[in-house]
file structure20.txt (compact mmCIF, C-alpha atoms and all ligand atoms)
# COMPACT_ATOMS: atom_id res chain seq x y z
CA MET A 1 7.41 -28.08 21.21
CA PHE A 2 10.69 -26.12 21.56
CA TYR A 3 11.32 -26.41 17.82
CA GLY A 4 7.92 -24.95 16.99
CA VAL A 5 8.49 -21.89 19.20
CA ALA A 6 11.96 -21.30 17.74
CA ILE A 7 10.64 -21.48 14.15
CA THR A 8 7.77 -19.07 14.95
CA ILE A 9 10.16 -16.56 16.53
CA ALA A 10 12.52 -16.86 13.56
CA TYR A 11 9.62 -16.36 11.11
CA TRP A 12 8.28 -13.26 12.85
CA THR A 13 11.78 -11.80 13.14
CA GLN A 14 12.25 -12.34 9.42
CA VAL A 15 8.83 -10.80 8.61
CA ARG A 16 9.48 -7.86 10.94
CA LEU A 17 12.93 -7.27 9.36
CA MET A 18 11.39 -7.52 5.86
CA ILE A 19 8.68 -4.96 6.66
CA ASN A 20 11.32 -2.59 8.12
CA ILE A 21 13.39 -2.89 4.93
CA LYS A 22 10.31 -1.86 2.97
CA SER A 23 9.97 1.31 5.07
CA LYS A 24 13.66 2.07 4.41
CA GLY A 25 12.83 2.08 0.68
CA TRP A 26 10.31 4.89 1.24
CA ASP A 27 12.75 6.66 3.58
CA GLU A 28 15.16 6.70 0.60
CA LEU A 29 12.54 8.11 -1.76
CA GLY A 30 10.96 10.70 0.54
CA SER A 31 9.41 13.75 -1.10
CA LEU A 32 10.92 12.81 -4.49
CA PHE A 33 7.69 10.80 -4.87
CA TRP A 34 5.73 14.05 -5.01
CA SER A 35 8.29 16.34 -6.62
CA LYS A 36 9.61 13.99 -9.31
CA GLY A 37 7.42 10.85 -9.35
CA ARG A 38 5.06 9.70 -12.12
CA GLU A 39 1.76 11.66 -12.18
CA SER A 40 -0.35 8.52 -12.72
CA ALA A 41 1.08 7.00 -9.49
CA ARG A 42 -0.89 9.66 -7.60
CA PRO A 43 -4.73 9.90 -7.58
CA SER A 44 -6.15 12.52 -10.00
CA ALA A 45 -8.61 15.20 -8.82
CA HIS A 46 -11.48 13.03 -10.09
CA GLU A 47 -10.12 9.98 -8.24
CA ILE A 48 -9.69 12.02 -5.05
CA ASN A 49 -13.39 12.94 -5.30
CA LEU A 50 -14.25 9.24 -5.52
CA PHE A 51 -12.26 8.55 -2.33
CA LEU A 52 -14.05 11.41 -0.54
CA SER A 53 -17.59 11.00 -1.90
CA GLY A 54 -20.21 11.27 0.84
CA VAL A 55 -17.76 12.59 3.45
CA LYS A 56 -19.52 14.95 5.85
CA THR A 57 -18.29 17.60 8.31
CA GLY A 58 -17.48 15.89 11.58
CA ASN A 59 -16.41 12.64 9.96
CA ALA A 60 -13.09 11.12 11.05
CA LEU A 61 -10.80 9.82 8.28
CA THR A 62 -7.62 7.77 8.45
CA ILE A 63 -5.41 7.86 5.35
CA VAL A 64 -2.68 5.20 5.14
CA GLY A 65 0.22 6.51 3.09
CA ALA A 66 1.74 9.98 3.49
CA SER A 67 2.56 9.87 -0.23
CA THR A 68 -1.09 10.61 -1.02
CA LYS A 69 -0.53 14.23 0.00
CA ASP A 70 -3.12 15.62 -2.48
CA LEU A 71 -5.84 13.36 -1.03
CA ILE A 72 -4.84 14.40 2.49
CA GLU A 73 -4.97 18.11 1.64
CA LYS A 74 -8.37 17.76 -0.07
CA ALA A 75 -9.72 15.89 2.96
CA LEU A 76 -8.46 18.66 5.25
CA ASP A 77 -10.34 21.19 3.04
CA LEU A 78 -13.57 19.37 4.00
CA ASN A 79 -13.16 20.29 7.61
CA VAL A 80 -12.98 16.70 8.77
CA ASP A 81 -10.67 15.08 11.26
CA VAL A 82 -7.74 13.52 9.32
CA THR A 83 -5.20 11.06 10.73
CA VAL A 84 -2.31 9.84 8.54
CA LEU A 85 -0.48 6.57 9.20
CA ASP A 86 2.79 5.79 7.45
CA PHE A 87 5.63 3.38 8.37
CA SER A 88 8.32 5.62 6.90
CA GLU A 89 9.73 8.23 9.28
CA VAL A 90 10.97 10.28 6.32
CA MET A 91 7.57 10.28 4.56
CA CYS A 92 5.91 11.34 7.86
CA ARG A 93 8.47 14.13 8.31
CA GLU A 94 8.23 15.35 4.71
CA LEU A 95 4.42 15.40 4.91
CA LYS A 96 4.50 17.39 8.17
CA LYS A 97 6.80 19.94 6.46
CA ILE A 98 4.56 20.41 3.43
CA LEU A 99 1.07 20.45 5.08
CA HIS A 100 -0.19 23.94 6.06
CA ARG A 101 -2.88 22.64 8.35
CA HIS A 102 -2.96 20.51 11.48
CA CYS A 103 -3.28 16.80 10.90
CA SER A 104 -2.28 13.91 13.19
CA ILE A 105 0.54 11.96 11.54
CA PHE A 106 1.70 8.72 13.18
CA CYS A 107 4.60 6.50 12.17
CA VAL A 108 2.69 3.22 12.12
CA ASP A 109 3.14 0.10 10.01
CA ILE A 110 -0.38 -0.98 9.00
CA THR A 111 0.86 -4.56 8.65
CA ASP A 112 2.21 -4.69 12.19
CA ARG A 113 0.58 -4.41 15.63
CA LEU A 114 -1.84 -1.44 15.66
CA PRO A 115 -1.68 0.92 18.71
CA ASP A 116 -4.99 0.28 20.53
CA ASP A 117 -5.71 4.02 20.94
CA LEU A 118 -6.32 4.10 17.18
CA TRP A 119 -8.97 1.38 17.31
CA PHE A 120 -12.62 2.28 16.41
CA THR A 121 -11.73 5.89 15.59
CA SER A 122 -12.53 6.25 11.88
CA ASP A 123 -15.58 6.55 9.68
CA LEU A 124 -13.42 5.93 6.61
CA VAL A 125 -9.95 4.41 6.09
CA LEU A 126 -8.48 5.38 2.72
CA SER A 127 -5.41 4.14 0.83
CA ASP A 128 -4.24 4.48 -2.74
CA ARG A 129 -2.58 1.41 -4.33
CA LEU A 130 -1.10 0.56 -0.95
CA PHE A 131 -1.94 -3.13 -1.39
CA ASN A 132 0.24 -3.22 -4.49
CA ARG A 133 3.20 -2.72 -2.14
CA PHE A 134 2.25 -5.82 -0.11
CA THR A 135 2.47 -9.58 -0.17
CA GLU A 136 -0.89 -11.35 0.25
CA PHE A 137 -0.06 -11.94 3.92
CA GLU A 138 0.64 -8.21 4.46
CA ALA A 139 -2.56 -7.30 2.58
CA LYS A 140 -4.69 -9.52 4.84
CA THR A 141 -2.99 -8.12 7.97
CA ALA A 142 -3.59 -4.59 6.66
CA ILE A 143 -7.29 -5.26 6.01
CA ARG A 144 -7.67 -6.71 9.50
CA ASN A 145 -5.96 -3.64 11.02
CA MET A 146 -7.95 -1.20 8.87
CA SER A 147 -11.19 -2.85 10.03
CA LEU A 148 -10.01 -2.37 13.65
CA LEU A 149 -9.63 1.36 12.94
CA LEU A 150 -13.32 1.61 11.93
CA LYS A 151 -16.26 2.82 13.98
CA ASN A 152 -19.51 0.89 13.52
CA ASN A 153 -20.82 1.36 9.94
CA GLY A 154 -17.36 2.56 8.90
CA ALA A 155 -15.77 1.58 5.56
CA ILE A 156 -12.39 1.02 3.95
CA ARG A 157 -11.82 2.54 0.51
CA THR A 158 -8.71 1.23 -1.17
CA SER A 159 -7.59 1.42 -4.80
CA VAL A 160 -5.71 -1.54 -6.25
CA LYS A 161 -3.86 -1.72 -9.55
CA LEU A 162 -5.03 -5.01 -11.08
CA GLY A 163 -2.75 -7.21 -13.18
CA TYR A 164 0.94 -6.59 -13.87
CA TYR A 165 2.70 -3.23 -14.16
CA PRO A 166 4.55 -2.71 -17.50
CA MET A 167 7.88 -3.15 -15.66
CA ASP A 168 6.68 -6.43 -14.12
CA GLU A 169 6.03 -7.75 -17.64
CA LEU A 170 9.52 -6.75 -18.82
CA MET A 171 11.09 -8.44 -15.77
CA ILE A 172 9.07 -11.64 -16.25
CA LYS A 173 10.05 -11.78 -19.95
CA GLU A 174 13.73 -11.19 -19.06
CA GLY A 175 13.48 -13.82 -16.31
CA GLU A 176 12.11 -16.38 -18.83
CA ARG A 177 14.79 -15.49 -21.39
CA SER A 178 17.68 -15.77 -18.89
CA GLY A 179 16.25 -18.80 -17.08
CA ARG A 180 16.21 -16.84 -13.78
CA LEU A 181 12.44 -16.34 -13.46
CA GLN A 182 12.01 -18.61 -10.45
CA ASP A 183 14.68 -16.60 -8.56
CA PHE A 184 12.25 -13.69 -8.16
CA PHE A 185 8.77 -14.62 -9.36
CA ASP A 186 6.27 -16.93 -7.65
CA SER A 187 3.64 -17.63 -10.31
CA SER A 188 1.41 -19.52 -7.84
CA THR A 189 0.77 -16.28 -5.89
CA ASP A 190 1.74 -13.75 -8.61
CA THR A 191 4.37 -12.33 -6.27
CA ILE A 192 7.47 -10.48 -7.51
CA ASP A 193 10.56 -10.16 -5.28
CA PHE A 194 12.41 -7.02 -6.37
CA ARG A 195 15.29 -7.76 -3.97
CA ALA A 196 15.86 -11.27 -5.38
CA ALA A 197 15.62 -10.01 -8.99
CA GLY A 198 19.14 -8.50 -8.76
CA ASP A 199 20.35 -6.78 -11.95
CA ILE A 200 17.12 -7.66 -13.79
CA VAL A 201 15.62 -4.63 -12.00
CA GLU A 202 18.16 -2.33 -13.68
CA ALA A 203 17.84 -4.16 -17.01
CA CYS A 204 14.06 -3.63 -17.05
CA LEU A 205 13.84 -0.33 -15.17
CA LEU A 206 11.22 2.07 -16.52
CA PRO A 207 11.32 5.74 -15.59
CA HIS A 208 9.09 6.87 -12.71
CA GLY A 209 8.64 10.50 -13.70
CA ASN A 210 12.06 12.16 -13.19
CA ILE A 211 13.14 10.22 -10.12
CA PRO A 212 16.94 9.72 -10.50
CA ILE A 213 17.76 6.17 -11.74
CA ARG A 214 20.05 5.32 -8.80
CA LYS A 215 17.34 6.30 -6.26
CA LEU A 216 14.75 4.38 -8.23
CA VAL A 217 16.83 1.18 -8.24
CA GLN A 218 17.42 1.46 -4.47
CA TRP A 219 13.67 2.00 -3.92
CA TYR A 220 12.74 -1.03 -6.00
CA ARG A 221 15.31 -3.22 -4.22
CA MET A 222 13.91 -2.34 -0.81
CA ARG A 223 10.30 -2.81 -1.94
CA GLY A 224 10.97 -6.54 -1.56
CA ARG A 225 8.08 -8.90 -2.30
CA GLU A 226 4.86 -7.52 -3.80
CA LYS A 227 1.76 -9.42 -4.92
CA ARG A 228 -0.10 -8.61 -8.17
CA TYR A 229 -3.89 -8.91 -7.87
CA SER A 230 -6.86 -9.92 -9.99
CA ASP A 231 -10.40 -8.80 -9.12
CA GLU A 232 -11.06 -12.44 -8.06
CA ASP A 233 -8.08 -12.22 -5.65
CA MET A 234 -9.56 -9.16 -3.95
CA HIS A 235 -12.98 -10.83 -3.55
CA ARG A 236 -11.36 -14.07 -2.30
CA ILE A 237 -9.16 -12.17 0.23
CA VAL A 238 -12.08 -10.15 1.65
CA LYS A 239 -14.30 -13.28 1.77
CA GLU A 240 -11.73 -14.80 4.15
CA PHE A 241 -12.97 -12.30 6.77
CA GLY A 242 -16.26 -14.17 6.78
CA SER A 243 -19.38 -12.29 7.88
CA LYS A 244 -17.39 -9.32 9.27
CA LEU A 245 -16.43 -7.58 6.03
CA MET A 246 -17.72 -7.41 2.46
CA ILE A 247 -16.88 -5.55 -0.75
CA SER A 248 -19.92 -3.24 -0.83
CA SER A 249 -18.96 -1.42 -4.05
CA GLN A 250 -16.21 -1.15 -6.63
CA GLU A 251 -15.48 1.12 -9.57
CA TRP A 252 -12.69 1.68 -12.05
CA PHE A 253 -10.41 4.64 -11.46
CA PRO A 254 -11.02 7.00 -14.44
CA ASN A 255 -7.39 8.11 -14.92
CA ALA A 256 -5.07 5.34 -13.68
CA PRO A 257 -4.70 2.20 -15.87
CA GLU A 258 -6.50 -0.98 -14.64
CA THR A 259 -7.01 0.45 -11.16
CA MET A 260 -10.13 -0.46 -9.17
CA LEU A 261 -11.45 1.43 -6.12
CA TYR A 262 -12.91 -1.06 -3.64
CA GLN A 263 -15.18 -0.11 -0.77
CA ILE A 264 -14.95 -2.74 1.97
CA SER A 265 -17.69 -2.31 4.58
CA MET A 266 -18.41 -3.75 7.99
CA GLN A 267 -21.33 -6.16 7.60
CA LYS A 268 -24.39 -4.99 9.57
CA LYS A 269 -24.85 -7.25 12.60
N1 LIG A 301 0.18 5.24 -5.27
C1 LIG A 301 1.57 5.03 -4.84
C2 LIG A 301 2.13 3.79 -5.51
O1 LIG A 301 1.40 3.21 -6.34
O2 LIG A 301 3.28 3.43 -5.23
C3 LIG A 301 1.65 4.95 -3.33
C4 LIG A 301 1.35 3.64 -2.75
S1 LIG A 301 1.37 3.62 -0.98
C5 LIG A 301 0.05 4.66 -0.57
C6 LIG A 301 2.79 4.48 -0.58
C7 LIG A 301 2.80 5.14 0.80
O3 LIG A 301 2.39 4.21 1.78
C8 LIG A 301 4.21 5.62 1.17
O4 LIG A 301 4.12 6.87 1.83
C9 LIG A 301 4.72 4.51 2.10
O5 LIG A 301 5.67 4.98 3.05
C10 LIG A 301 3.41 4.06 2.78
N2 LIG A 301 3.43 2.64 3.18
C11 LIG A 301 3.83 1.58 2.43
N3 LIG A 301 3.72 0.43 3.15
C12 LIG A 301 3.23 0.79 4.38
C13 LIG A 301 2.91 0.07 5.56
N4 LIG A 301 3.10 -1.27 5.66
N5 LIG A 301 2.40 0.75 6.62
C14 LIG A 301 2.21 2.10 6.55
N6 LIG A 301 2.53 2.85 5.47
C15 LIG A 301 3.03 2.20 4.39
call {"tool": "encode", "arguments": {"input": "structure20.txt", "output": "structure tokens", "more": "lines below"}}
Ligand code: SAM
result
Amino acid sequence: MFYGVAITIAYWTQVRLMINIKSKGWDELGSLFWSKGRESARPSAHEINLFLSGVKTGNALTIVGASTKDLIEKALDLNVDVTVLDFSEVMCRELKKILHRHCSIFCVDITDRLPDDLWFTSDLVLSDRLFNRFTEFEAKTAIRNMSLLLKNNGAIRTSVKLGYYPMDELMIKEGERSGRLQDFFDSSTDTIDFRAAGDIVEACLLPHGNIPIRKLVQWYRMRGREKRYSDEDMHRIVKEFGSKLMISSQEWFPNAPETMLYQISMQKK
């Protein structure tokens, strides 16, 4: 019995530490993501309209990810109540500085315990390619927490880049060539570990807009383990929530490569 408790505590400490390291990666990047990052890593005007379609005055929205500043600003233009959750103190601070209108911004890790005063507060929970920054375990925890944020008949709208990024493919090829693939790539779950990849990150680094190389390498290192998804993965993951949640619609993003916008709705009782 004692052993079991000790292993559980050790596991959660490790997971908690890992998640904190991921937030430190975004602390490093800060507003460079907006000022220097790759355009296609941010939703286009058309994609923002897809996130916000059907939003009415009086609705309450939660947006996870301060980096999606353009989506946040557009939502505020609609005269709706907007709450932003982000686990990076720097991203929260930078967003506060740049927004000209009031918006509640909370430093919250969506894959950790959710403050109960946020429960059942939102008609819509939006996130843009947030799941691509997660392991499968973090993605499931995030979906569970996002569903807790929803009022009855609420919905989650989340875009997911499907398949590998071009840099993933370079790293996998380099890993095969150098015989180091299993150091950082788990093919059974399609999970890449940017920390364990060591100098293969630098060797395969692709520019992210004009973000300085040194910053970019630090950001990748602290991104840790990230899963790559297929459409089947997304349906399988949501199905694990049984009769509570379902993918009620999905559509391709018009401007970002291989990126699908999923709407995950509470199933009517
Ligand atoms: N589209 C971009 C991309 O593809 O990288 C952004 C993805 S995600 C929305 C990035 C934002 O989410 C950052 O502001 C980051 O700090 C925040 N974020 C990442 N993981 C998070 C977590 N576990 N909890 C809350 N916010 C998180």
call {"tool": "residues_near_ligand", "arguments": {"input": "structure20.txt", "ligand": "ligand LIG 301 (chain A)", "cutoff": "8 Å", "atoms": "all atoms listed in the file", "output": "PyMOL selection string"}}
result
chain A and resi 19+22-23+26-27+30+41-43+64-68+85-88+91-92+107-112+127-134+138+142+161
call {"tool": "closest_residue", "arguments": {"input": "structure20.txt", "among": "A:Thr259, A:Thr121, A:Lys268, A:Ala197", "to": "Lys244 (chain A)", "atoms": "only C-alpha atoms"}}
result
A:Lys268
call {"tool": "residues_near_point", "arguments": {"input": "structure20.txt", "point": "(10.2, -7.9, -16.2)", "cutoff": "12 Å", "atoms": "only C-alpha atoms", "output": "PyMOL selection string"}}
result
chain A and resi 164-178+180-181+184-185+192-194+197-206
call {"tool": "write_last_selection", "arguments": {"input": "structure20.txt", "atoms": "C-alpha atoms", "output": "mmCIF file, keeping the file's coordinate frame"}}
result
data_model
loop_
_atom_site.group_PDB
_atom_site.id
_atom_site.type_symbol
_atom_site.label_atom_id
_atom_site.label_comp_id
_atom_site.auth_asym_id
_atom_site.auth_seq_id
_atom_site.Cartn_x
_atom_site.Cartn_y
_atom_site.Cartn_z
ATOM 1 C CA TYR A 164 0.940 -6.590 -13.870
ATOM 2 C CA TYR A 165 2.700 -3.230 -14.160
ATOM 3 C CA PRO A 166 4.550 -2.710 -17.500
ATOM 4 C CA MET A 167 7.880 -3.150 -15.660
ATOM 5 C CA ASP A 168 6.680 -6.430 -14.120
ATOM 6 C CA GLU A 169 6.030 -7.750 -17.640
ATOM 7 C CA LEU A 170 9.520 -6.750 -18.820
ATOM 8 C CA MET A 171 11.090 -8.440 -15.770
ATOM 9 C CA ILE A 172 9.070 -11.640 -16.250
ATOM 10 C CA LYS A 173 10.050 -11.780 -19.950
ATOM 11 C CA GLU A 174 13.730 -11.190 -19.060
ATOM 12 C CA GLY A 175 13.480 -13.820 -16.310
ATOM 13 C CA GLU A 176 12.110 -16.380 -18.830
ATOM 14 C CA ARG A 177 14.790 -15.490 -21.390
ATOM 15 C CA SER A 178 17.680 -15.770 -18.890
ATOM 16 C CA ARG A 180 16.210 -16.840 -13.780
ATOM 17 C CA LEU A 181 12.440 -16.340 -13.460
ATOM 18 C CA PHE A 184 12.250 -13.690 -8.160
ATOM 19 C CA PHE A 185 8.770 -14.620 -9.360
ATOM 20 C CA ILE A 192 7.470 -10.480 -7.510
ATOM 21 C CA ASP A 193 10.560 -10.160 -5.280
ATOM 22 C CA PHE A 194 12.410 -7.020 -6.370
ATOM 23 C CA ALA A 197 15.620 -10.010 -8.990
ATOM 24 C CA GLY A 198 19.140 -8.500 -8.760
ATOM 25 C CA ASP A 199 20.350 -6.780 -11.950
ATOM 26 C CA ILE A 200 17.120 -7.660 -13.790
ATOM 27 C CA VAL A 201 15.620 -4.630 -12.000
ATOM 28 C CA GLU A 202 18.160 -2.330 -13.680
ATOM 29 C CA ALA A 203 17.840 -4.160 -17.010
ATOM 30 C CA CYS A 204 14.060 -3.630 -17.050
ATOM 31 C CA LEU A 205 13.840 -0.330 -15.170
ATOM 32 C CA LEU A 206 11.220 2.070 -16.520
#
call {"tool": "closest_residue", "arguments": {"input": "structure20.txt", "among": "A:His100, A:Ile63, A:Gly37, A:Trp119", "to": "Ile213 (chain A)", "atoms": "all atoms listed in the file"}}
result
A:Gly37
call {"tool": "closest_residue", "arguments": {"input": "structure20.txt", "among": "A:Leu99, A:Leu78, A:Ile211, A:Val160", "to": "Gln263 (chain A)", "atoms": "only C-alpha atoms"}}
result
A:Val160
call {"tool": "atom_distance", "arguments": {"input": "structure20.txt", "atom1": "CA of Ala60 (chain A)", "atom2": "CA of Val80 (chain A)"}}
result
6.0 Å
call {"tool": "atom_distance", "arguments": {"input": "structure20.txt", "atom1": "CA of Asn210 (chain A)", "atom2": "CA of Ile21 (chain A)"}}
result
23.6 Å
call {"tool": "closest_residue", "arguments": {"input": "structure20.txt", "among": "A:Val90, A:Met266, A:Met222, A:Val55", "to": "Val238 (chain A)", "atoms": "all atoms listed in the file"}}
result
A:Met266
call {"tool": "atom_distance", "arguments": {"input": "structure20.txt", "atom1": "CA of Met234 (chain A)", "atom2": "CA of Leu76 (chain A)"}}
result
29.3 Å
call {"tool": "closest_residue", "arguments": {"input": "structure20.txt", "among": "A:Glu47, A:Asp81, A:Asp231, A:Glu39", "to": "Phe253 (chain A)", "atoms": "all atoms listed in the file"}}
result
A:Glu47
call {"tool": "closest_residue", "arguments": {"input": "structure20.txt", "among": "A:Ser31, A:Thr191, A:Asn49, A:Ser104", "to": "Leu118 (chain A)", "atoms": "all atoms listed in the file"}}
result
A:Ser104
call {"tool": "residues_around", "arguments": {"input": "structure20.txt", "residues": "Arg38 (chain A)", "least_positions_apart": "5", "cutoff": "8 Å", "atoms": "only C-alpha atoms", "output": "PyMOL selection string"}}
result
chain A and resi 33+208-210
call {"tool": "residues_around", "arguments": {"input": "structure20.txt", "residues": "Thr135 (chain A)", "least_positions_apart": "2", "cutoff": "6 Å", "atoms": "all atoms listed in the file", "output": "list in words"}}
result
Phe137, Glu138, Glu226 and Lys227 of chain A
call {"tool": "residues_near_point", "arguments": {"input": "structure20.txt", "point": "(-0.8, 14.3, 7.6)", "cutoff": "7 Å", "atoms": "all atoms listed in the file", "output": "ChimeraX atom specification"}}
result
/A:66,72,83-84,95-96,99,103-105
call {"tool": "residues_around", "arguments": {"input": "structure20.txt", "residues": "Gln267 (chain A)", "least_positions_apart": "6", "cutoff": "7 Å", "atoms": "all atoms listed in the file", "output": "MDAnalysis selection string"}}
result
chainID A and resid 243:246
call {"tool": "write_last_selection", "arguments": {"input": "structure20.txt", "atoms": "C-alpha atoms", "output": "CSV table (one decimal), keeping the file's coordinate frame"}}
result
chain,number,residue,atom,x,y,z
A,243,SER,CA,-19.4,-12.3,7.9
A,244,LYS,CA,-17.4,-9.3,9.3
A,245,LEU,CA,-16.4,-7.6,6.0
A,246,MET,CA,-17.7,-7.4,2.5
